[in-house]
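Visitor: PDB, C-alpha atoms, saved as work-v5.pdb, coming up:
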```pdb
ATOM      1  CA  MET A   1      32.481 109.304  85.943
ATOM      2  CA  LEU A   2      34.863 106.593  84.760
ATOM      3  CA  ILE A   3      33.167 103.453  83.442
ATOM      4  CA  ALA A   4      35.634 100.595  83.664
ATOM      5  CA  ALA A   5      33.671  97.433  84.367
ATOM      6  CA  ASN A   6      34.309  94.571  81.958
ATOM      7  CA  ALA A   7      36.878  96.577  80.010
ATOM      8  CA  GLN A   8      38.774  93.545  78.758
ATOM      9  CA  ASP A   9      37.760  91.082  76.063
ATOM     10  CA  TYR A  10      40.476  88.579  76.995
ATOM     11  CA  ASN A  11      42.306  87.140  80.007
ATOM     12  CA  THR A  12      45.931  87.000  78.851
ATOM     13  CA  GLY A  13      47.875  88.387  75.897
ATOM     14  CA  ILE A  14      51.412  87.548  74.781
ATOM     15  CA  GLY A  15      53.241  89.385  72.018
ATOM     16  CA  VAL A  16      55.873  91.776  70.770
ATOM     17  CA  ARG A  17      56.480  95.437  71.504
ATOM     18  CA  GLY A  18      58.259  97.763  69.108
ATOM     19  CA  GLY A  19      59.551 101.259  69.583
ATOM     20  CA  LEU A  20      62.894 102.648  70.712
ATOM     21  CA  TYR A  21      62.924  99.670  73.091
ATOM     22  CA  ASN A  22      61.918  96.370  71.448
ATOM     23  CA  GLY A  23      60.920  93.152  73.116
ATOM     24  CA  LEU A  24      58.213  90.987  74.582
ATOM     25  CA  THR A  25      55.004  91.838  76.405
ATOM     26  CA  VAL A  26      52.716  89.706  78.559
ATOM     27  CA  LYS A  27      49.468  91.173  79.923
ATOM     28  CA  HIS A  28      47.122  89.342  82.299
ATOM     29  CA  PHE A  29      43.864  90.646  83.755
ATOM     30  CA  ILE A  30      43.440  90.092  87.470
ATOM     31  CA  SER A  31      39.901  91.532  87.465
ATOM     32  CA  GLY A  32      37.452  93.101  85.003
ATOM     33  CA  GLU A  33      39.470  96.292  84.494
ATOM     34  CA  ASN A  34      42.782  95.656  86.279
ATOM     35  CA  ALA A  35      45.751  94.049  84.556
ATOM     36  CA  LEU A  36      49.382  93.253  85.224
ATOM     37  CA  GLU A  37      51.818  93.663  82.342
ATOM     38  CA  GLY A  38      55.393  92.431  82.147
ATOM     39  CA  LEU A  39      57.863  93.747  79.591
ATOM     40  CA  PHE A  40      61.258  92.338  78.605
ATOM     41  CA  LEU A  41      62.868  94.987  76.404
ATOM     42  CA  SER A  42      66.261  95.505  74.760
ATOM     43  CA  ARG A  43      68.087  98.751  74.029
ATOM     44  CA  TRP A  44      71.635 100.132  74.059
ATOM     45  CA  GLY A  45      73.305  96.719  74.194
ATOM     46  CA  GLY A  46      71.334  95.716  77.287
ATOM     47  CA  PHE A  47      67.824  95.050  78.533
ATOM     48  CA  ASN A  48      65.089  96.248  80.890
ATOM     49  CA  ILE A  49      62.556  94.197  82.813
ATOM     50  CA  THR A  50      59.414  96.175  83.703
ATOM     51  CA  GLY A  51      56.317  95.296  85.728
ATOM     52  CA  LEU A  52      53.170  97.437  85.427
ATOM     53  CA  TYR A  53      49.769  97.630  87.109
ATOM     54  CA  GLU A  54      47.159  98.954  84.655
ATOM     55  CA  ILE A  55      43.552 100.121  84.830
ATOM     56  CA  HIS A  56      41.492  99.690  81.637
ATOM     57  CA  ALA A  57      38.256 101.364  80.546
ATOM     58  CA  ASN A  58      36.207 101.510  77.357
ATOM     59  CA  ALA A  59      37.252 104.335  75.040
ATOM     60  CA  PHE A  60      34.892 106.520  73.017
ATOM     61  CA  ASN A  61      31.963 104.074  73.522
ATOM     62  CA  THR A  62      33.570 101.857  70.868
ATOM     63  CA  PRO A  63      33.353  98.094  71.414
ATOM     64  CA  ARG A  64      36.746  96.418  71.951
ATOM     65  CA  LEU A  65      38.584  99.782  72.094
ATOM     66  CA  ASN A  66      40.011 100.483  75.546
ATOM     67  CA  TRP A  67      42.288 103.051  77.051
ATOM     68  CA  TYR A  68      44.498 102.314  80.014
ATOM     69  CA  TYR A  69      46.861 103.943  82.450
ATOM     70  CA  GLY A  70      49.051 102.669  85.229
ATOM     71  CA  PHE A  71      52.362 102.564  87.004
ATOM     72  CA  GLY A  72      55.129 100.181  87.934
ATOM     73  CA  GLY A  73      58.854  99.706  88.157
ATOM     74  CA  HIS A  74      61.854  98.470  86.210
ATOM     75  CA  ILE A  75      65.370  97.159  86.498
ATOM     76  CA  GLY A  76      67.739  97.570  83.585
ATOM     77  CA  PHE A  77      71.260  96.830  82.433
ATOM     78  CA  TRP A  78      72.938  98.593  79.489
ATOM     79  CA  ASP A  79      76.211  99.661  77.907
ATOM     80  CA  GLY A  80      77.129 103.363  77.979
ATOM     81  CA  ASP A  81      79.009 103.009  74.673
ATOM     82  CA  LYS A  82      75.711 102.192  72.941
ATOM     83  CA  ASN A  83      73.770 105.073  74.537
ATOM     84  CA  PRO A  84      74.025 108.326  72.529
ATOM     85  CA  TRP A  85      73.029 110.427  75.570
ATOM     86  CA  PHE A  86      75.799 109.187  77.872
ATOM     87  CA  ASP A  87      78.387 107.877  75.337
ATOM     88  CA  ASP A  88      80.896 106.571  77.838
ATOM     89  CA  ASN A  89      82.642 103.305  78.624
ATOM     90  CA  ASN A  90      80.542 102.467  81.692
ATOM     91  CA  ASN A  91      78.017  99.685  82.097
ATOM     92  CA  TYR A  92      74.888 100.652  84.007
ATOM     93  CA  THR A  93      72.439  98.943  86.307
ATOM     94  CA  VAL A  94      69.350 101.049  86.944
ATOM     95  CA  ILE A  95      66.211 100.724  89.043
ATOM     96  CA  GLY A  96      63.293 103.071  88.640
ATOM     97  CA  VAL A  97      59.593 103.811  88.359
ATOM     98  CA  ASP A  98      57.381 103.839  85.267
ATOM     99  CA  GLY A  99      54.054 105.271  84.192
ATOM    100  CA  ILE A 100      51.982 104.180  81.212
ATOM    101  CA  ILE A 101      49.022 105.494  79.234
ATOM    102  CA  GLY A 102      47.665 104.057  76.006
ATOM    103  CA  LEU A 103      44.924 102.698  73.761
ATOM    104  CA  GLU A 104      44.344  99.087  72.723
ATOM    105  CA  TYR A 105      41.989  97.494  70.254
ATOM    106  CA  ASN A 106      40.934  93.851  70.476
ATOM    107  CA  ILE A 107      40.309  92.456  66.992
ATOM    108  CA  GLU A 108      37.069  90.473  66.976
ATOM    109  CA  ALA A 109      37.711  88.291  63.914
ATOM    110  CA  ILE A 110      41.095  86.987  65.079
ATOM    111  CA  PRO A 111      42.524  86.546  68.596
ATOM    112  CA  PHE A 112      44.920  89.509  68.482
ATOM    113  CA  ASN A 113      45.033  92.992  69.905
ATOM    114  CA  ILE A 114      47.095  95.999  69.030
ATOM    115  CA  SER A 115      48.057  98.789  71.405
ATOM    116  CA  LEU A 116      49.835 102.116  71.252
ATOM    117  CA  ASP A 117      51.177 103.597  74.465
ATOM    118  CA  TRP A 118      53.585 106.013  76.037
ATOM    119  CA  LYS A 119      55.657 104.794  78.983
ATOM    120  CA  PRO A 120      57.824 107.439  80.667
ATOM    121  CA  ALA A 121      60.325 106.183  83.255
ATOM    122  CA  ILE A 122      62.608 107.664  85.890
ATOM    123  CA  ASN A 123      65.792 105.883  86.921
ATOM    124  CA  LEU A 124      66.179 106.385  90.680
ATOM    125  CA  ILE A 125      69.192 104.136  91.306
ATOM    126  CA  GLY A 126      72.197 103.828  89.014
ATOM    127  CA  LYS A 127      72.363 106.363  86.196
ATOM    128  CA  THR A 128      69.544 108.680  87.318
ATOM    129  CA  ASN A 129      67.565 110.296  84.537
ATOM    130  CA  LEU A 130      64.105 110.763  83.046
ATOM    131  CA  GLY A 131      63.281 108.691  79.981
ATOM    132  CA  ALA A 132      60.231 110.127  78.226
ATOM    133  CA  ASP A 133      60.934 108.727  74.760
ATOM    134  CA  GLU A 134      59.249 105.334  74.986
ATOM    135  CA  LEU A 135      56.330 105.409  72.573
ATOM    136  CA  ALA A 136      55.584 101.849  71.473
ATOM    137  CA  LEU A 137      53.274  99.665  69.413
ATOM    138  CA  SER A 138      52.439  96.175  70.716
ATOM    139  CA  VAL A 139      50.740  93.255  69.005
ATOM    140  CA  ARG A 140      49.538  90.383  71.208
ATOM    141  CA  TYR A 141      47.934  87.005  70.731
ATOM    142  CA  ILE A 142      45.015  87.014  73.188
ATOM    143  CA  PHE A 143      43.228  84.157  74.909
TER     144      PHE A 143
END
```
Can I see the file as structure tokens?
Guide:
Amino acid sequence: MLIAANAQDYNTGIGVRGGLYNGLTVKHFISGENALEGLFLSRWGGFNITGLYEIHANAFNTPRLNWYYGFGGHIGFWDGDKNPWFDDNNNYTVIGVDGIIGLEYNIEAIPFNISLDWKPAINLIGKTNLGADELALSVRYIF
């Protein structure tokens, strides 16, 4: 049985996300365990905008430690010259679907949280491919 009630210790978090894609993250809880997260990320001379719906639950019976999973979509724009996988002269516009799974810890002494997640994505329109390399660390100011 999944226990998810009151999984969050905050309403909204704003911060930075670092990994192969780097950028900004905003997460807002719409109920006790359900959150929406927006990502604005740069990579390969372009950027991606991603929206995610996430479900949070307490992890390992540890206060302020939560795991989450979810799904969403993205739109991205990047330069093929900057992408080592495609290495061409084309510019790309892509639209696709994303999944996410991760852990986050809300620091009690200061209003910050830290999360580590994996966010695979599939481009369905534009340059179609599977991107399974997005492991990222985020740090957010929470309120």
Visitor: Would you work out the distance separating CA of Gly99 (chain A) from CA of Leu116 (chain A), expressed in Å to one decimal?
Guide: 14.0 Å
Visitor: When the PyMOL selection byres ((chain A and resi 36) around 12) is applied to the file above, which residues end up in the set, as an MDAnalysis selection string?
Guide: chainID A and resid 11:13 25:35 37:39 50:56 68:73 100
Visitor: Can you tell me how far CA of Gly45 (chain A) sits from CA of Trp118 (chain A), in Å to one decimal?
Guide: 21.9 Å
Visitor: Smallest atom-to-atom distance to Ile110 (chain A): which of A:Pro63, A:Ile142, A:Asn22, A:Val16, using all atoms listed in the file?
Guide: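 Result for the nearest residue to Ile110 (chain A): A:Ile142.
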Visitor: I want to know what sits within 6 Å of Asn113 (chain A), based on all atoms listed in the file, with residues of the same chain fewer than 4 positions away left out; could you give that as number ranges by chain?
Guide: A: 105-107, 139-140
Visitor: Can you write just those residues out, C-alpha atoms, as a PDB file, keeping the file's coordinate frame?
Guide:
```pdb
ATOM      1  CA  TYR A 105      41.989  97.494  70.254  1.00  0.00           C
ATOM      2  CA  ASN A 106      40.934  93.851  70.476  1.00  0.00           C
ATOM      3  CA  ILE A 107      40.309  92.456  66.992  1.00  0.00           C
ATOM      4  CA  VAL A 139      50.740  93.255  69.005  1.00  0.00           C
ATOM      5  CA  ARG A 140      49.538  90.383  71.208  1.00  0.00           C
TER       6      ARG A 140
END
```
Visitor: Since I can't run it myself right now, could you work out what the PyMOL selection byres ((chain A and resi 23) around 9) selects here and report it as a count of residues only?
Guide: 14
Visitor: Ranking A:Leu65, A:Ala109, A:Leu124, A:Leu103 by minimum distance to Ser138 (chain A) and counting only C-alpha atoms, which one comes first?
Guide: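 Of the candidates, the smallest distance to Ser138 (chain A) is held by A:Leu103.
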Visitor: Which of these, A:Ala57, A:Ala132, A:Trp67, A:Asp79, has the shortest distance to Val97 (chain A) once you count all atoms listed in the file?
Guide: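 With all atoms listed in the file as the atom set, the closest residue is A:Ala132.
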Visitor: Between A:Lys119, A:Lys127, A:His74, A:Arg64, which residue has the minimum interatomic distance to Tyr92 (chain A), considering only C-alpha atoms?
Guide: A:Lys127
Visitor: Find the residues near Val94 (chain A): any atom within 7 Å, counting only C-alpha atoms, skip ones fewer than 5 places away on the same chain, and give them as a PDB file with C-alpha atoms, keeping the file's coordinate frame.
Guide:
```
ATOM      1  CA  ILE A  75      65.370  97.159  86.498  1.00  0.00           C
ATOM      2  CA  GLY A  76      67.739  97.570  83.585  1.00  0.00           C
ATOM      3  CA  PHE A  77      71.260  96.830  82.433  1.00  0.00           C
ATOM      4  CA  ASN A 123      65.792 105.883  86.921  1.00  0.00           C
ATOM      5  CA  ILE A 125      69.192 104.136  91.306  1.00  0.00           C
ATOM      6  CA  GLY A 126      72.197 103.828  89.014  1.00  0.00           C
ATOM      7  CA  LYS A 127      72.363 106.363  86.196  1.00  0.00           C
TER       8      LYS A 127
END
```
Visitor: Rounded to one decimal in Å, what is the spacing between CA of Ala121 (chain A) and CA of Asp9 (chain A)?
Guide: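 Between CA of Ala121 (chain A) and CA of Asp9 (chain A) the gap works out to 28.1 Å.
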Visitor: Of the candidates A:Ile114, A:Ile49, A:Ile14, A:Ala59, which shows the shortest atom-to-atom distance to Thr93 (chain A), using all atoms listed in the file?
Guide: A:Ile49
Visitor: Pick out the closest residue to Asn66 (chain A) from this set: A:Phe112, A:Pro120, A:Asp88, A:Gln8. Count only C-alpha atoms.
Guide: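 Of A:Phe112, A:Pro120, A:Asp88, A:Gln8, the one nearest Asn66 (chain A), counting only C-alpha atoms, is A:Gln8.
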Visitor: Emit as AutoDock Vina command-line options the padded axis-aligned box for all listed atoms of region 33-37 of chain A, 6 Å per side, with centre and edge lengths in Å to one decimal.
Guide:
```
--center_x 45.6 --center_y 94.8 --center_z 84.3 --size_x 24.3 --size_y 15.0 --size_z 15.9
```
Visitor: Output region 21-34 of chain A with N, CA, C and O atoms present, as a short mmCIF file (atom, residue, chain, number, x, y, z; two decimals), keeping the file's coordinate frame.
Guide:
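And here's rebuild.cif as it stands now:
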```
data_model
loop_
_atom_site.label_atom_id
_atom_site.label_comp_id
_atom_site.auth_asym_id
_atom_site.auth_seq_id
_atom_site.Cartn_x
_atom_site.Cartn_y
_atom_site.Cartn_z
N TYR A 21 62.63 100.93 72.43
CA TYR A 21 62.92 99.67 73.09
C TYR A 21 62.09 98.62 72.37
O TYR A 21 60.93 98.85 72.06
N ASN A 22 62.64 97.46 72.10
CA ASN A 22 61.92 96.37 71.45
C ASN A 22 61.96 95.15 72.34
O ASN A 22 62.95 94.93 73.05
N GLY A 23 60.90 94.35 72.30
CA GLY A 23 60.92 93.15 73.12
C GLY A 23 59.60 92.44 73.19
O GLY A 23 58.79 92.48 72.26
N LEU A 24 59.38 91.82 74.34
CA LEU A 24 58.21 90.99 74.58
C LEU A 24 57.30 91.63 75.61
O LEU A 24 57.76 92.32 76.51
N THR A 25 56.00 91.35 75.46
CA THR A 25 55.00 91.84 76.40
C THR A 25 54.06 90.71 76.78
O THR A 25 53.65 89.92 75.92
N VAL A 26 53.73 90.64 78.06
CA VAL A 26 52.72 89.71 78.56
C VAL A 26 51.78 90.51 79.44
O VAL A 26 52.22 91.19 80.38
N LYS A 27 50.48 90.46 79.13
CA LYS A 27 49.47 91.17 79.92
C LYS A 27 48.45 90.16 80.42
O LYS A 27 47.96 89.34 79.65
N HIS A 28 48.11 90.25 81.71
CA HIS A 28 47.12 89.34 82.30
C HIS A 28 46.17 90.15 83.18
O HIS A 28 46.61 90.92 84.04
N PHE A 29 44.87 89.96 82.95
CA PHE A 29 43.86 90.65 83.76
C PHE A 29 43.64 89.91 85.06
O PHE A 29 43.44 88.69 85.08
N ILE A 30 43.69 90.67 86.15
CA ILE A 30 43.44 90.09 87.47
C ILE A 30 42.02 90.39 87.95
O ILE A 30 41.58 89.82 88.94
N SER A 31 41.32 91.27 87.24
CA SER A 31 39.90 91.53 87.46
C SER A 31 39.35 92.16 86.19
O SER A 31 40.07 92.31 85.21
N GLY A 32 38.09 92.57 86.20
CA GLY A 32 37.45 93.10 85.00
C GLY A 32 38.18 94.24 84.33
O GLY A 32 38.22 94.33 83.12
N GLU A 33 38.79 95.15 85.10
CA GLU A 33 39.47 96.29 84.49
C GLU A 33 40.93 96.43 84.92
O GLU A 33 41.62 97.32 84.44
N ASN A 34 41.41 95.55 85.77
CA ASN A 34 42.78 95.66 86.28
C ASN A 34 43.67 94.57 85.69
O ASN A 34 43.31 93.39 85.70
#
```
